[in-house]
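Working notes, beginning with the structure itself.
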Amino acid sequence: MSVFMDLNLSFCADKSRLRSLIETAAHLGFSTVAVNYTFEPTAKKKQEIPAPMPITDLMDQLPVVQGRSRPIRVLNRLTVVMSDSSHFRPTAPEYRRFDLLAVQPTSEKLFHVACMTLDIDIICITVTEKLPFFFKRAPINGAVERGVMFEVSYAAAIRDATMRRYTIANATSLMETCKGKNVILSSAAEKPLELRGPYDITNLGLLFGLSDGDSKEAVSSTCRSAVLHAETRWTASGIIRTTKTCSVTPIQQEAPPEESE
């Protein structure tokens with residue numbers, strides 16, 4: 001049985017809405033989700049990288065995944081929107097707070113840098129506007145060889161007809177170049193109604209130009225590879241992640257107290 005993941009649930013300050021997003025994802029059968037914090041630096045003023053909210057501040061008990069007996073796993077993810085190469089700071093200690101690191105490059109030059117050199121896990125493909133460049137095989141092959149994933153999100157296509165056209169066009173362009181390799185499909189959902197089940201998403205992948213097998217992997221094994229890549233990246237950098245802000249022990253049944261001898 002496949003383990004499904006959605007590595008992009010948009011963070012919102014409204015705890016009730018964020019809690020509902022996680023609960024809905026568990027109900028739809030996702031075993032792992034990542035709460036995504038988007039950071040868009042500007043040249044005008046200094047901005048602080050957001051700190052992830054501890055999951056214990058959000059809920060006392062993690063919901064159990066539909067069809068499984070285990071609770072959902074919640075990760076934290078940082079996505080840096082890059083309009084300049086200086087916007088990604090590989091040595092920033094704030095990055096260590098997050099389980100996954102992603103970038104969203106806004107130009108062909110930055111896309112090339114992200115594919116070939118940045119120590120990241122995911123490259124986000126813009127879906128809210130027409131891409132200002134064409135994908136080239138050399139940087140994409142470089143990213144694939146380094147184990148970096150390409151992410152296409154679908155929630156924008158649900159919200160707006162124009163964004164739906166951009167999503168399909170940009171996704172199709174990516175698939176023609178990468179041939180379906182290292183592609184993950186995520187929601188980028190801001191509210192529960194924007195979430196779709198894993199099998200609906202695999203059908204959407206067919207629309208984007210993925211094969212049936214690649215489309216299924218885009219919500220399961222390829223996502224798992226992204227998480228493993230992140231864990232390996234942290235280990236290689238000498239960081240031992242013994243505790244995570246996302247971890248909480250679920251309480252499903254109260255264990256009887258032990259008898260003292």
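If you're wondering about the labels, chains in the structure tokens are A, B, ... by order shown, residues count from 1 in each chain, ligands from 1 in order shown.
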Stretch 69-96 of chain A residues near stretch 21-45 of chain A within 10 Å, closest pair each, using only C-alpha atoms, as a Markdown table:
| residue | atom | partner | partner_atom | distance |
| --- | --- | --- | --- | --- |
| A:Arg70 | CA | A:Ser31 | CA | 8.2 |
| A:Pro71 | CA | A:Ser31 | CA | 7.5 |
| A:Ile72 | CA | A:Ser31 | CA | 5.0 |
| A:Arg73 | CA | A:Thr32 | CA | 4.6 |
| A:Val74 | CA | A:Val33 | CA | 5.2 |
| A:Leu75 | CA | A:Ala34 | CA | 4.4 |
| A:Asn76 | CA | A:Val35 | CA | 5.0 |
| A:Arg77 | CA | A:Asn36 | CA | 4.7 |
| A:Leu78 | CA | A:Tyr37 | CA | 4.9 |
| A:Thr79 | CA | A:Thr38 | CA | 4.8 |
| A:Val80 | CA | A:Phe39 | CA | 4.9 |
| A:Val81 | CA | A:Glu40 | CA | 4.9 |
| A:Met82 | CA | A:Glu40 | CA | 7.1 |
| A:Ser83 | CA | A:Pro41 | CA | 8.3 |
| A:Asp84 | CA | A:Pro41 | CA | 9.0 |
| A:Ser86 | CA | A:Pro41 | CA | 9.4 |
| A:His87 | CA | A:Pro41 | CA | 6.3 |
| A:Phe88 | CA | A:Pro41 | CA | 9.1 |
Written file, previous selection with C-alpha atoms, as a CSV table (one decimal), in the first residue's frame:
chain,number,residue,atom,x,y,z
A,70,ARG,CA,-0.9,5.5,12.8
A,71,PRO,CA,-1.0,9.2,13.2
A,72,ILE,CA,-0.1,11.7,10.5
A,73,ARG,CA,3.5,12.9,10.4
A,74,VAL,CA,3.8,16.7,10.2
A,75,LEU,CA,7.0,18.3,8.9
A,76,ASN,CA,8.1,22.0,8.6
A,77,ARG,CA,9.3,23.4,5.3
A,78,LEU,CA,10.8,26.7,4.3
A,79,THR,CA,10.4,28.0,0.7
A,80,VAL,CA,12.5,31.0,-0.3
A,81,VAL,CA,11.2,33.0,-3.2
A,82,MET,CA,14.4,34.0,-5.1
A,83,SER,CA,14.5,37.1,-7.2
A,84,ASP,CA,18.3,37.5,-6.5
A,86,SER,CA,21.7,36.6,-2.4
A,87,HIS,CA,18.2,35.7,-1.2
A,88,PHE,CA,19.3,32.1,-0.4
message: Quick one: residues within 7 Å of A:Ile184, only C-alpha atoms, excluding same-chain residues fewer than 2 positions away - as a count of residues only?
response: 10
query: atom CA of A:Arg89 and atom CA of A:Ala226 are how many Å apart?
result: 20.3 Å
- prompt: Using only C-alpha atoms, which of the listed residues (A:Leu118, A:Val144, A:Leu195, A:Leu206) sits closest to A:Thr177?
  reply: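 Ranked by minimum distance to A:Thr177, first place goes to A:Val144.
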